[in-house]
>>> print(open('protein.cif').read())   # mmCIF, C-alpha atoms
data_upload
#
loop_
_atom_site.label_atom_id
_atom_site.label_comp_id
_atom_site.auth_asym_id
_atom_site.auth_seq_id
_atom_site.Cartn_x
_atom_site.Cartn_y
_atom_site.Cartn_z
CA MET A 1 -12.17 17.98 35.47
CA LYS A 2 -9.32 20.27 34.39
CA ASP A 3 -6.28 19.10 36.34
CA ILE A 4 -5.18 15.69 37.60
CA THR A 5 -5.44 16.12 41.37
CA GLU A 6 -4.27 13.90 44.23
CA ASP A 7 -7.88 13.05 45.07
CA LEU A 8 -8.53 12.03 41.47
CA LEU A 9 -5.44 9.81 41.41
CA GLN A 10 -6.57 8.11 44.60
CA GLN A 11 -9.98 7.47 43.04
CA PHE A 12 -8.37 5.94 39.95
CA GLN A 13 -6.18 3.76 42.17
CA SER A 14 -9.12 2.56 44.26
CA ASP A 15 -11.16 1.71 41.16
CA TYR A 16 -8.30 -0.32 39.72
CA GLU A 17 -7.61 -2.19 42.96
CA ALA A 18 -11.28 -3.16 43.17
CA ASP A 19 -11.18 -4.64 39.65
CA LYS A 20 -9.71 -8.13 40.13
CA SER A 21 -10.01 -9.02 36.43
CA ALA A 22 -7.84 -6.04 35.52
CA GLN A 23 -5.14 -7.28 37.86
CA VAL A 24 -5.27 -10.74 36.31
CA LEU A 25 -4.86 -9.17 32.87
CA HIS A 26 -1.85 -7.21 34.15
CA ALA A 27 -0.24 -10.44 35.36
CA ALA A 28 -0.79 -12.05 31.96
CA LEU A 29 0.47 -9.05 29.96
CA ALA A 30 3.55 -8.71 32.13
CA LYS A 31 5.03 -11.87 30.61
CA THR A 32 3.17 -12.45 27.33
CA ASP A 33 3.09 -10.74 23.95
CA MET A 34 -0.16 -8.78 23.67
CA ALA A 35 -0.69 -10.19 20.16
CA ASP A 36 -0.84 -13.73 21.54
CA LEU A 37 -3.34 -12.83 24.26
CA ALA A 38 -5.52 -10.72 21.99
CA TYR A 39 -6.20 -13.50 19.49
CA VAL A 40 -9.44 -15.48 19.91
CA PRO A 41 -8.79 -18.88 18.28
CA GLU A 42 -12.45 -19.96 18.17
CA ALA A 43 -13.45 -16.83 16.23
CA GLY A 44 -10.44 -17.03 13.92
CA ALA A 45 -11.19 -20.68 13.12
CA LYS A 46 -14.59 -19.70 11.71
CA LEU A 47 -12.83 -17.78 8.93
CA LYS A 48 -10.73 -20.69 7.73
CA GLY A 49 -11.56 -23.08 4.91
CA ALA A 50 -12.05 -22.99 1.15
CA PHE A 51 -13.60 -20.05 -0.69
CA SER A 52 -16.57 -19.93 -3.05
CA VAL A 53 -14.45 -18.13 -5.63
CA GLU A 54 -10.64 -18.37 -5.74
CA VAL A 55 -8.12 -16.98 -8.22
CA LYS A 56 -4.96 -19.10 -8.51
CA THR A 57 -1.70 -17.18 -8.10
CA HIS A 58 1.94 -18.17 -8.43
CA GLY A 59 3.30 -18.08 -4.90
CA ILE A 60 3.99 -15.71 -2.03
CA THR A 61 6.51 -12.87 -2.19
CA ALA A 62 8.31 -11.14 0.68
CA GLN A 63 8.90 -7.39 0.90
CA GLN A 64 11.09 -7.96 3.98
CA LYS A 65 11.74 -4.82 6.04
CA SER A 66 10.58 -2.32 3.45
CA GLY A 67 7.38 -0.40 2.78
CA ARG A 68 7.00 -1.52 -0.83
CA CYS A 69 3.76 -3.49 -0.38
CA TRP A 70 1.98 -1.41 -3.03
CA LEU A 71 4.67 -2.20 -5.60
CA PHE A 72 4.78 -5.90 -4.70
CA ALA A 73 1.01 -6.10 -5.06
CA ALA A 74 1.06 -4.36 -8.46
CA LEU A 75 3.86 -6.57 -9.78
CA ASN A 76 2.13 -9.67 -8.42
CA ILE A 77 -0.83 -8.78 -10.65
CA LEU A 78 1.44 -8.47 -13.68
CA ARG A 79 3.60 -11.53 -13.04
CA GLU A 80 0.53 -13.72 -13.52
CA LYS A 81 0.49 -12.66 -17.17
CA VAL A 82 4.14 -13.67 -17.64
CA ALA A 83 3.70 -16.96 -15.80
CA GLU A 84 0.68 -17.82 -17.94
CA LYS A 85 2.30 -16.81 -21.23
CA CYS A 86 5.54 -18.67 -20.49
CA SER A 87 3.92 -21.65 -18.69
CA LEU A 88 5.90 -21.12 -15.47
CA GLU A 89 5.22 -22.61 -12.04
CA HIS A 90 6.93 -19.76 -10.19
CA PHE A 91 7.94 -16.31 -11.35
CA GLU A 92 8.61 -12.85 -9.94
CA LEU A 93 9.19 -9.47 -11.53
CA SER A 94 11.99 -7.35 -10.09
CA GLN A 95 10.71 -5.15 -7.30
CA ASN A 96 14.19 -3.67 -6.87
CA TYR A 97 14.28 -2.43 -10.48
CA LEU A 98 11.06 -0.43 -10.21
CA SER A 99 11.74 0.64 -6.61
CA PHE A 100 14.96 2.29 -7.83
CA TYR A 101 13.07 4.45 -10.32
CA ASP A 102 10.24 5.08 -7.87
CA LYS A 103 12.66 6.64 -5.40
CA LEU A 104 14.42 8.58 -8.14
CA GLU A 105 11.11 10.01 -9.36
CA LYS A 106 10.06 10.85 -5.79
CA ALA A 107 13.31 12.75 -5.24
CA ASN A 108 12.79 14.65 -8.48
CA ASN A 109 9.21 15.51 -7.60
CA PHE A 110 10.28 16.62 -4.12
CA LEU A 111 12.80 19.08 -5.59
CA GLU A 112 10.31 20.30 -8.19
CA MET A 113 7.71 20.97 -5.49
CA VAL A 114 10.34 22.88 -3.50
CA ILE A 115 11.11 25.07 -6.52
CA GLU A 116 7.45 25.54 -7.47
CA HIS A 117 6.49 26.57 -3.93
CA ALA A 118 9.65 28.44 -2.99
CA ASP A 119 7.58 31.48 -1.99
CA GLU A 120 5.53 29.49 0.51
CA PRO A 121 6.52 29.93 4.16
CA VAL A 122 8.78 27.11 5.27
CA LYS A 123 6.61 26.59 8.36
CA GLY A 124 3.40 26.63 6.33
CA GLN A 125 1.31 23.50 5.97
CA LEU A 126 2.27 22.85 2.34
CA MET A 127 6.04 23.07 2.86
CA GLN A 128 5.91 21.09 6.09
CA TYR A 129 4.11 18.38 4.13
CA VAL A 130 6.75 18.43 1.37
CA LEU A 131 9.61 18.40 3.87
CA ARG A 132 8.44 15.12 5.35
CA GLY A 133 10.29 13.74 2.34
CA MET A 134 9.93 10.46 0.50
CA THR A 135 8.86 7.09 1.87
CA ASP A 136 8.79 3.56 0.49
CA GLY A 137 5.01 3.82 0.40
CA GLY A 138 2.75 4.35 -2.57
CA TYR A 139 -0.44 3.46 -4.38
CA TRP A 140 -1.60 1.92 -7.63
CA SER A 141 -1.45 5.21 -9.55
CA GLU A 142 2.29 5.52 -8.91
CA ALA A 143 2.89 1.93 -9.97
CA VAL A 144 1.14 2.59 -13.27
CA ASP A 145 3.21 5.72 -13.92
CA ILE A 146 6.60 4.11 -13.31
CA ILE A 147 5.74 0.87 -15.15
CA GLU A 148 4.61 2.79 -18.23
CA LYS A 149 7.78 4.90 -18.18
CA TYR A 150 10.40 2.29 -17.27
CA GLY A 151 8.92 -1.10 -18.10
CA VAL A 152 9.59 -4.19 -15.97
CA VAL A 153 12.27 -6.89 -15.77
CA PRO A 154 12.40 -10.39 -14.29
CA LYS A 155 13.69 -10.59 -10.74
CA GLN A 156 16.49 -12.89 -11.88
CA VAL A 157 18.16 -10.05 -13.82
CA GLN A 158 17.74 -7.35 -11.12
CA PRO A 159 17.62 -9.17 -7.75
CA GLU A 160 17.13 -7.65 -4.34
CA THR A 161 20.01 -6.27 -2.27
CA TYR A 162 20.20 -6.05 1.49
CA GLN A 163 19.45 -2.32 1.24
CA SER A 164 16.42 -2.78 -1.03
CA GLU A 165 14.96 -5.18 1.55
CA HIS A 166 15.94 -3.00 4.57
CA THR A 167 15.24 0.54 3.39
CA ALA A 168 14.77 2.61 6.57
CA ARG A 169 18.35 3.87 6.93
CA PHE A 170 18.74 4.65 3.23
CA VAL A 171 15.47 6.58 3.06
CA ALA A 172 16.34 8.54 6.21
CA ALA A 173 19.76 9.49 4.76
CA ILE A 174 18.31 10.58 1.41
CA ASN A 175 15.64 12.65 3.13
CA ARG A 176 18.31 14.49 5.08
CA LEU A 177 20.06 15.18 1.77
CA LEU A 178 16.83 16.36 0.13
CA ARG A 179 16.02 18.73 2.99
CA ARG A 180 19.43 20.32 2.69
CA ASP A 181 18.84 20.60 -1.06
CA ALA A 182 15.45 22.19 -0.37
CA MET A 183 17.09 24.89 1.73
CA GLU A 184 19.58 25.68 -1.05
CA LEU A 185 17.01 25.67 -3.85
CA ARG A 186 14.68 28.00 -1.96
CA GLU A 187 17.55 30.42 -1.41
CA LEU A 188 18.46 30.33 -5.12
CA VAL A 189 14.86 31.05 -6.19
CA LYS A 190 14.49 33.88 -3.66
CA ALA A 191 17.75 35.39 -4.94
CA GLY A 192 16.32 35.39 -8.48
CA LYS A 193 18.74 32.71 -9.74
CA ASP A 194 17.97 29.72 -11.99
CA PRO A 195 17.83 26.63 -9.71
CA TYR A 196 17.83 23.95 -12.39
CA ALA A 197 21.56 23.50 -13.03
CA ARG A 198 22.04 22.94 -9.31
CA LYS A 199 19.00 20.67 -9.18
CA GLN A 200 20.56 18.44 -11.85
CA GLN A 201 23.68 18.06 -9.69
CA MET A 202 21.48 17.19 -6.71
CA MET A 203 19.69 14.48 -8.70
CA ALA A 204 23.06 13.07 -9.80
CA GLU A 205 23.94 12.65 -6.11
CA VAL A 206 20.69 10.82 -5.47
CA TYR A 207 21.20 8.57 -8.49
CA LYS A 208 24.72 7.62 -7.41
CA ALA A 209 23.58 6.89 -3.85
CA GLN A 210 20.81 4.64 -5.17
CA CYS A 211 23.22 2.75 -7.44
CA ILE A 212 25.50 2.14 -4.44
CA ALA A 213 22.59 0.88 -2.33
CA PHE A 214 20.46 -0.98 -4.87
CA GLY A 215 22.63 -1.51 -7.95
CA GLN A 216 22.43 0.29 -11.28
CA PRO A 217 19.18 -0.51 -13.11
CA VAL A 218 19.53 -3.02 -15.92
CA THR A 219 18.97 -1.60 -19.40
CA LYS A 220 19.32 -4.71 -21.59
CA PHE A 221 19.12 -8.36 -20.61
CA ASP A 222 18.51 -11.94 -21.70
CA PHE A 223 15.43 -13.77 -20.44
CA ALA A 224 16.22 -17.47 -20.01
CA TYR A 225 13.81 -19.93 -18.40
CA ARG A 226 12.43 -23.47 -18.42
CA ASP A 227 8.68 -23.91 -18.61
CA LYS A 228 6.58 -26.36 -16.56
CA ASP A 229 7.36 -29.14 -19.03
CA GLY A 230 11.13 -28.59 -18.79
CA ASN A 231 11.50 -26.94 -22.18
CA TYR A 232 14.27 -24.33 -22.41
CA HIS A 233 13.58 -20.84 -23.73
CA GLU A 234 15.82 -17.79 -24.15
CA ASP A 235 15.00 -14.33 -25.43
CA ARG A 236 18.13 -12.22 -25.94
CA GLY A 237 18.80 -8.49 -25.89
CA LEU A 238 15.52 -7.39 -24.32
CA MET A 239 14.93 -3.89 -22.97
CA PRO A 240 12.57 -3.34 -20.00
CA LYS A 241 9.76 -1.68 -21.93
CA ALA A 242 10.01 -4.25 -24.73
CA PHE A 243 9.83 -7.05 -22.15
CA TYR A 244 6.68 -5.48 -20.71
CA GLN A 245 5.04 -5.16 -24.11
CA LYS A 246 5.94 -8.71 -25.13
CA TYR A 247 5.36 -10.69 -21.94
CA VAL A 248 2.91 -8.65 -19.85
CA ASP A 249 0.93 -6.61 -22.38
CA VAL A 250 -1.68 -5.24 -19.95
CA SER A 251 -3.32 -1.86 -20.54
CA LEU A 252 -2.89 -0.42 -17.06
CA ARG A 253 -5.10 2.59 -17.87
CA ASP A 254 -8.05 0.19 -18.14
CA TYR A 255 -7.91 -0.14 -14.33
CA THR A 256 -9.37 2.48 -12.00
CA PRO A 257 -8.81 2.85 -8.24
CA ILE A 258 -12.15 2.73 -6.42
CA ILE A 259 -12.16 4.12 -2.89
CA ASN A 260 -14.68 4.19 -0.09
CA GLU A 261 -13.66 7.18 2.04
CA PRO A 262 -16.85 8.81 3.36
CA THR A 263 -15.17 11.96 4.69
CA PHE A 264 -16.48 15.53 4.60
CA ASP A 265 -14.18 16.55 1.73
CA LYS A 266 -14.78 13.57 -0.56
CA PRO A 267 -18.34 13.34 -1.92
CA LEU A 268 -19.53 9.89 -2.97
CA ASP A 269 -19.98 9.03 -6.66
CA THR A 270 -17.27 11.55 -7.51
CA PRO A 271 -13.66 11.34 -8.75
CA ILE A 272 -11.02 12.77 -6.44
CA GLN A 273 -7.55 13.96 -7.36
CA PHE A 274 -4.44 15.27 -5.58
CA HIS A 275 -0.70 15.65 -6.10
CA ALA A 276 1.54 14.01 -3.52
CA VAL A 277 5.26 13.94 -2.85
CA GLU A 278 5.08 10.28 -3.91
CA ASN A 279 3.96 11.15 -7.45
CA MET A 280 6.04 11.80 -10.51
CA THR A 281 6.29 15.41 -11.56
CA GLY A 282 3.19 16.26 -13.59
CA ARG A 283 1.22 13.21 -12.42
CA ASP A 284 -1.54 13.02 -9.81
CA MET A 285 -3.31 10.46 -7.67
CA LYS A 286 -6.80 9.76 -9.01
CA ALA A 287 -9.65 7.60 -7.70
CA LEU A 288 -13.42 7.26 -7.84
CA ASN A 289 -15.16 7.49 -4.45
CA LEU A 290 -18.08 5.03 -4.32
CA THR A 291 -20.22 3.46 -1.64
CA GLN A 292 -18.91 0.43 0.21
CA GLU A 293 -21.65 -1.67 -1.40
CA ALA A 294 -20.58 -0.64 -4.90
CA LEU A 295 -16.91 -1.31 -4.12
CA GLU A 296 -17.73 -4.82 -2.89
CA GLU A 297 -19.96 -5.61 -5.87
CA LEU A 298 -17.14 -4.65 -8.24
CA CYS A 299 -14.66 -6.79 -6.29
CA VAL A 300 -16.96 -9.81 -6.55
CA LYS A 301 -17.39 -9.28 -10.30
CA GLN A 302 -13.65 -9.12 -10.87
CA LEU A 303 -12.89 -12.20 -8.78
CA LYS A 304 -15.61 -14.17 -10.58
CA ALA A 305 -13.91 -13.15 -13.83
CA GLY A 306 -10.68 -14.79 -12.59
CA GLN A 307 -8.84 -11.53 -11.91
CA ALA A 308 -7.02 -10.80 -8.65
CA ILE A 309 -7.53 -7.33 -7.14
CA TRP A 310 -4.98 -4.82 -5.86
CA PHE A 311 -6.47 -3.34 -2.67
CA ALA A 312 -5.44 -1.18 0.29
CA CYS A 313 -6.54 -1.48 3.90
CA ASP A 314 -5.61 -0.64 7.48
CA ALA A 315 -3.30 -3.53 8.38
CA GLY A 316 -2.97 -2.24 11.94
CA ALA A 317 -6.64 -2.77 12.75
CA PHE A 318 -7.68 -6.08 14.32
CA GLY A 319 -4.87 -8.05 12.72
CA ALA A 320 -3.26 -11.30 13.86
CA ARG A 321 -0.09 -11.53 11.75
CA LYS A 322 1.01 -14.99 12.84
CA GLU A 323 -2.41 -16.54 12.31
CA GLY A 324 -3.13 -14.59 9.11
CA VAL A 325 -6.44 -13.06 10.21
CA TRP A 326 -8.00 -9.60 10.13
CA ASP A 327 -11.25 -9.60 12.10
CA PRO A 328 -12.69 -7.54 15.01
CA ASP A 329 -14.16 -10.68 16.62
CA SER A 330 -10.85 -12.54 16.46
CA VAL A 331 -8.48 -9.83 17.70
CA LYS A 332 -9.43 -8.19 21.00
CA TYR A 333 -6.75 -5.73 22.10
CA GLU A 334 -9.31 -3.43 23.71
CA ALA A 335 -10.62 -6.27 25.89
CA LEU A 336 -7.11 -6.75 27.30
CA LEU A 337 -6.79 -3.12 28.38
CA GLY A 338 -10.03 -2.45 30.18
CA ASP A 339 -12.61 -3.44 27.57
CA PHE A 340 -13.02 0.07 26.19
CA SER A 341 -14.43 0.84 22.74
CA THR A 342 -12.60 2.46 19.84
CA ALA A 343 -15.67 2.37 17.55
CA MET A 344 -16.04 5.32 15.16
CA PRO A 345 -17.83 5.77 11.83
CA LYS A 346 -15.57 4.90 8.91
CA GLY A 347 -15.23 8.45 7.64
CA LYS A 348 -14.58 9.86 11.12
CA ARG A 349 -11.78 7.35 11.70
CA LEU A 350 -10.06 8.76 8.62
CA GLU A 351 -10.69 12.38 9.59
CA TYR A 352 -9.36 11.86 13.13
CA ASN A 353 -6.29 9.88 11.98
CA SER A 354 -7.50 6.76 13.77
CA SER A 355 -7.18 4.71 10.60
CA SER A 356 -5.64 4.86 7.13
CA ALA A 357 -4.97 2.77 4.05
CA ASN A 358 -1.47 1.74 5.11
CA HIS A 359 -0.97 -1.65 3.42
CA ALA A 360 -1.64 -2.99 -0.08
CA MET A 361 -2.15 -6.64 -1.02
CA LEU A 362 -4.16 -8.78 -3.44
CA LEU A 363 -7.70 -10.08 -3.01
CA THR A 364 -7.71 -13.57 -4.50
CA GLY A 365 -10.95 -15.08 -3.23
CA VAL A 366 -14.32 -14.60 -1.58
CA HIS A 367 -16.68 -16.88 0.37
CA PHE A 368 -20.46 -16.44 0.31
CA ASP A 369 -22.87 -17.16 3.14
CA ALA A 370 -26.13 -19.10 2.72
CA ALA A 371 -27.81 -15.97 1.36
CA GLY A 372 -25.10 -15.46 -1.26
CA ARG A 373 -23.45 -12.50 0.47
CA PRO A 374 -19.68 -12.20 1.09
CA ASP A 375 -18.69 -13.21 4.61
CA ARG A 376 -14.90 -13.59 4.25
CA TRP A 377 -12.17 -12.74 1.74
CA LYS A 378 -8.92 -14.46 0.75
CA ILE A 379 -5.77 -12.32 0.62
CA GLU A 380 -2.35 -12.82 -0.96
CA ASN A 381 0.07 -10.93 1.28
CA SER A 382 3.74 -10.00 0.69
CA TRP A 383 5.06 -10.83 4.17
CA GLY A 384 6.59 -14.18 3.21
CA GLU A 385 5.40 -17.76 3.78
CA GLU A 386 6.23 -17.83 7.50
CA VAL A 387 3.00 -16.08 8.54
CA GLY A 388 -0.66 -16.80 7.89
CA ASP A 389 -1.54 -19.87 5.82
CA LYS A 390 1.84 -20.10 4.07
CA GLY A 391 1.60 -16.40 3.32
CA TYR A 392 -2.13 -16.21 2.52
CA PHE A 393 -4.43 -14.32 4.89
CA VAL A 394 -8.17 -13.97 5.41
CA CYS A 395 -10.36 -11.08 6.52
CA SER A 396 -13.95 -11.11 7.70
CA GLU A 397 -16.72 -9.16 6.01
CA SER A 398 -17.00 -6.95 9.10
CA TYR A 399 -13.33 -6.00 8.72
CA PHE A 400 -13.68 -5.52 4.96
CA LYS A 401 -16.57 -3.08 5.33
CA GLU A 402 -14.80 -0.90 7.88
CA TYR A 403 -11.07 -1.10 7.07
CA VAL A 404 -10.74 -1.69 3.30
CA TYR A 405 -10.46 1.70 1.62
CA GLU A 406 -9.38 1.08 -1.97
CA ALA A 407 -9.64 -1.57 -4.70
CA VAL A 408 -8.38 -1.33 -8.28
CA ILE A 409 -11.00 -2.51 -10.76
CA ASP A 410 -10.90 -3.28 -14.47
CA ARG A 411 -13.40 -0.88 -16.02
CA LYS A 412 -15.04 -3.67 -18.02
CA HIS A 413 -16.79 -4.56 -14.74
CA PHE A 414 -18.26 -1.06 -14.25
CA THR A 415 -21.93 -0.37 -14.80
CA PRO A 416 -22.76 2.28 -17.43
CA GLU A 417 -23.66 4.65 -14.58
CA GLN A 418 -20.27 4.12 -12.93
CA LEU A 419 -18.46 4.71 -16.22
CA ALA A 420 -20.34 7.98 -16.55
CA LEU A 421 -19.10 9.09 -13.12
CA LEU A 422 -15.53 9.04 -14.45
CA GLU A 423 -16.43 11.93 -16.71
CA LYS A 424 -17.36 14.21 -13.81
CA GLU A 425 -15.07 17.04 -12.79
CA PRO A 426 -12.83 15.67 -10.02
CA VAL A 427 -12.74 17.15 -6.54
CA ILE A 428 -9.22 18.40 -5.84
CA ILE A 429 -8.02 17.79 -2.27
CA ASN A 430 -4.80 18.61 -0.43
CA ALA A 431 -2.26 15.78 -0.34
CA TRP A 432 -1.84 16.13 3.42
CA ASP A 433 -5.57 15.46 3.81
CA GLU A 434 -5.06 12.06 2.18
CA ASP A 435 -2.29 11.04 4.53
CA ASP A 436 -1.44 7.37 5.06
#
>>> encode(input="protein.cif", output="structure tokens")
Amino acid sequence: MKDITEDLLQQFQSDYEADKSAQVLHAALAKTDMADLAYVPEAGAKLKGAFSVEVKTHGITAQQKSGRCWLFAALNILREKVAEKCSLEHFELSQNYLSFYDKLEKANNFLEMVIEHADEPVKGQLMQYVLRGMTDGGYWSEAVDIIEKYGVVPKQVQPETYQSEHTARFVAAINRLLRRDAMELRELVKAGKDPYARKQQMMAEVYKAQCIAFGQPVTKFDFAYRDKDGNYHEDRGLMPKAFYQKYVDVSLRDYTPIINEPTFDKPLDTPIQFHAVENMTGRDMKALNLTQEALEELCVKQLKAGQAIWFACDAGAFGARKEGVWDPDSVKYEALLGDFSTAMPKGKRLEYNSSSANHAMLLTGVHFDAAGRPDRWKIENSWGEEVGDKGYFVCSESYFKEYVYEAVIDRKHFTPEQLALLEKEPVIINAWDEDD
């Protein structure tokens, strides 16, 4: 078949008209949300219940209409340290504070990449990647970089704004500004002129726009709180990095992102590295590519040690948001649309852009079957308490194996052989080949 002919259309039409179940499905879909029809309650119910291992956390956060899941997940790891040290029932670190600097660093890196690659053709693959601009999105490596540079502050001293919770219009406007700046900087470099004085003016524009949208970042503050017993505490004149050192005091470099991405360009048991628009200037994304079995074993070790796990998955695959379930047996979109199959090997799904690590959350528990193997995992999401089990979700082992791509692990849980792998020369890949 090359063209769609009239005879072929008639054949398609006849086949459809002969399929009475397809017509029933059409009638149902015409007036019902596909998400409601796709969910299989009996299968989803099998995933509910207590977990063999659970890590207690201090409440659900809400990223609202923003793409800052990765930052929420990272700060939700760190807030546990503050809550424990200060004996607090509920506590949040300011996502807005770090998101401000994340966007500022992304803008700076964007302009630096434009200057560095000014001789590249504007329609070439590298420049077209750069010109996509910044997003809200990110990964653990970026969180580490900005936390180490800027520290953290309590949410009470740098709260959210409407714009920090609804970022799409702001990000679109700044990207239009950055693309105009890219055009000007490329012309300056090609004319043999120094671009950096003009770049500084461009960054001042970005900074001002961010202050208008999100508020100017706090530089000194007082930390006042009551602990679980009602005792009052106040620590005056703190700076963000000093607050981090005093109340969080976690060595973030002790944690390593472990990925399972069995693609042609990422050999297993090997570190990978790339520089993305999302990075700071001079910093790269780094991860160790291991087997799925090794990734899961490390996750179990860390949960048993009482440590939650930052992880990234494909939230668009087999997910029931309202019910709080990720599971191929519980979410059957394909069955609604003709019962076709979308099955592909894990690596091929990544290579063919059928899947990606597009959402970050925390693993906080695991359940074992009668043989002692994981069969479901507990998840702390950042979509608020109105979905899932008051904000907590669950995924099946079948989902975990196929659609979880990254987990950040404390290196004290590594085997000696895994620690040795970190010393290998990393494989350098193109940022656009690690697209999310």
>>> resolve_selection(input="protein.cif", expression="the PyMOL selection byres ((chain A and resi 186) around 8)", output="mmCIF file with C-alpha atoms, keeping the file's coordinate frame")
data_model
loop_
_atom_site.group_PDB
_atom_site.id
_atom_site.type_symbol
_atom_site.label_atom_id
_atom_site.label_comp_id
_atom_site.auth_asym_id
_atom_site.auth_seq_id
_atom_site.Cartn_x
_atom_site.Cartn_y
_atom_site.Cartn_z
ATOM 1 C CA VAL A 114 10.340 22.880 -3.500
ATOM 2 C CA ILE A 115 11.110 25.070 -6.520
ATOM 3 C CA ALA A 118 9.650 28.440 -2.990
ATOM 4 C CA ASP A 119 7.580 31.480 -1.990
ATOM 5 C CA ALA A 182 15.450 22.190 -0.370
ATOM 6 C CA MET A 183 17.090 24.890 1.730
ATOM 7 C CA GLU A 184 19.580 25.680 -1.050
ATOM 8 C CA LEU A 185 17.010 25.670 -3.850
ATOM 9 C CA GLU A 187 17.550 30.420 -1.410
ATOM 10 C CA LEU A 188 18.460 30.330 -5.120
ATOM 11 C CA VAL A 189 14.860 31.050 -6.190
ATOM 12 C CA LYS A 190 14.490 33.880 -3.660
#
>>> residues_around(input="protein.cif", residues="stretch 76-85 of chain A", least_positions_apart="4", cutoff="7 Å", atoms="all atoms listed in the file", output="PyMOL selection string")
chain A and resi 57-58+72+89+91-93+247-248+308
>>> closest_residue(input="protein.cif", among="A:Val300, A:Ile147, A:Ala294, A:Ala224", to="A:Gln245", atoms="all atoms listed in the file")
A:Ile147
>>> resolve_selection(input="protein.cif", expression="the PyMOL selection byres ((chain A and resi 404-419) around 7)", output="compact mmCIF listing (two decimals) with C-alpha atoms, in the frame of the given file")
# COMPACT_ATOMS: atom_id res chain seq x y z
CA ASP A 254 -8.05 0.19 -18.14
CA TYR A 255 -7.91 -0.14 -14.33
CA THR A 256 -9.37 2.48 -12.00
CA PRO A 257 -8.81 2.85 -8.24
CA ILE A 258 -12.15 2.73 -6.42
CA ILE A 259 -12.16 4.12 -2.89
CA ASN A 260 -14.68 4.19 -0.09
CA GLU A 261 -13.66 7.18 2.04
CA LEU A 298 -17.14 -4.65 -8.24
CA LYS A 301 -17.39 -9.28 -10.30
CA GLN A 302 -13.65 -9.12 -10.87
CA ILE A 309 -7.53 -7.33 -7.14
CA TRP A 310 -4.98 -4.82 -5.86
CA PHE A 311 -6.47 -3.34 -2.67
CA ALA A 312 -5.44 -1.18 0.29
CA CYS A 313 -6.54 -1.48 3.90
CA ASP A 314 -5.61 -0.64 7.48
CA ALA A 357 -4.97 2.77 4.05
CA PHE A 400 -13.68 -5.52 4.96
CA LYS A 401 -16.57 -3.08 5.33
CA GLU A 402 -14.80 -0.90 7.88
CA TYR A 403 -11.07 -1.10 7.07
CA ALA A 420 -20.34 7.98 -16.55
CA LEU A 421 -19.10 9.09 -13.12
CA LEU A 422 -15.53 9.04 -14.45
>>> atom_distance(input="protein.cif", atom1="atom CA of A:Met203", atom2="atom CA of A:Ala74")
26.5 Å
>>> closest_atom_pairs(input="protein.cif", of="stretch 27-133 of chain A", to="stretch 274-283 of chain A", cutoff="12 Å", atoms="all atoms listed in the file", output="tab-separated table")
residue	atom	partner	partner_atom	distance
A:Tyr101	CA	A:Met280	CA	10.2
A:Asp102	CA	A:Glu278	CA	8.3
A:Lys103	CA	A:Glu278	CA	8.5
A:Leu104	CA	A:Met280	CA	9.3
A:Glu105	CA	A:Met280	CA	5.5
A:Lys106	CA	A:Glu278	CA	5.4
A:Ala107	CA	A:Val277	CA	8.5
A:Asn108	CA	A:Thr281	CA	7.2
A:Asn109	CA	A:Thr281	CA	4.9
A:Phe110	CA	A:Val277	CA	5.8
A:Leu111	CA	A:Val277	CA	9.5
A:Glu112	CA	A:Thr281	CA	7.2
A:Met113	CA	A:Val277	CA	7.9
A:Val114	CA	A:Val277	CA	10.3
A:Ile115	CA	A:Thr281	CA	11.9
A:Glu116	CA	A:Thr281	CA	11.0
A:Leu126	CA	A:Ala276	CA	10.6
A:Met127	CA	A:Val277	CA	10.8
A:Gln128	CA	A:Val277	CA	11.5
A:Tyr129	CA	A:Val277	CA	8.4
A:Val130	CA	A:Val277	CA	6.3
A:Leu131	CA	A:Val277	CA	9.2
A:Arg132	CA	A:Val277	CA	8.9
A:Gly133	CA	A:Val277	CA	7.2
>>> resolve_selection(input="protein.cif", expression="the PyMOL selection byres ((chain A and resi 11-28) around 10)", output="list of chain:residue names")
A:Thr5, A:Glu6, A:Asp7, A:Leu8, A:Leu9, A:Gln10, A:Leu29, A:Ala30, A:Lys31, A:Thr32, A:Asp33, A:Met34, A:Leu37, A:Ala335, A:Leu336, A:Leu337, A:Gly338, A:Asp339
>>> closest_residue(input="protein.cif", among="A:Met239, A:Ser398, A:Ser52, A:Asp249", to="A:Tyr150", atoms="only C-alpha atoms")
A:Met239
>>> atom_distance(input="protein.cif", atom1="atom CA of A:Ala317", atom2="atom CA of A:Met134")
24.5 Å
>>> build_atoms(input="protein.cif", residues="stretch 149-153 of chain A", atoms="N, CA and C atoms", output="mmCIF file, in the coordinates of the input")
data_model
loop_
_atom_site.group_PDB
_atom_site.id
_atom_site.type_symbol
_atom_site.label_atom_id
_atom_site.label_comp_id
_atom_site.auth_asym_id
_atom_site.auth_seq_id
_atom_site.Cartn_x
_atom_site.Cartn_y
_atom_site.Cartn_z
ATOM 1 N N LYS A 149 6.581 4.154 -17.793
ATOM 2 C CA LYS A 149 7.780 4.900 -18.180
ATOM 3 C C LYS A 149 9.017 4.012 -18.279
ATOM 4 N N TYR A 150 9.146 3.039 -17.372
ATOM 5 C CA TYR A 150 10.400 2.290 -17.270
ATOM 6 C C TYR A 150 10.278 0.809 -17.618
ATOM 7 N N GLY A 151 9.071 0.304 -17.826
ATOM 8 C CA GLY A 151 8.920 -1.100 -18.100
ATOM 9 C C GLY A 151 9.156 -1.959 -16.869
ATOM 10 N N VAL A 152 9.322 -3.252 -17.068
ATOM 11 C CA VAL A 152 9.590 -4.190 -15.970
ATOM 12 C C VAL A 152 10.650 -5.180 -16.431
ATOM 13 N N VAL A 153 11.274 -5.856 -15.461
ATOM 14 C CA VAL A 153 12.270 -6.890 -15.770
ATOM 15 C C VAL A 153 12.066 -8.062 -14.823
#
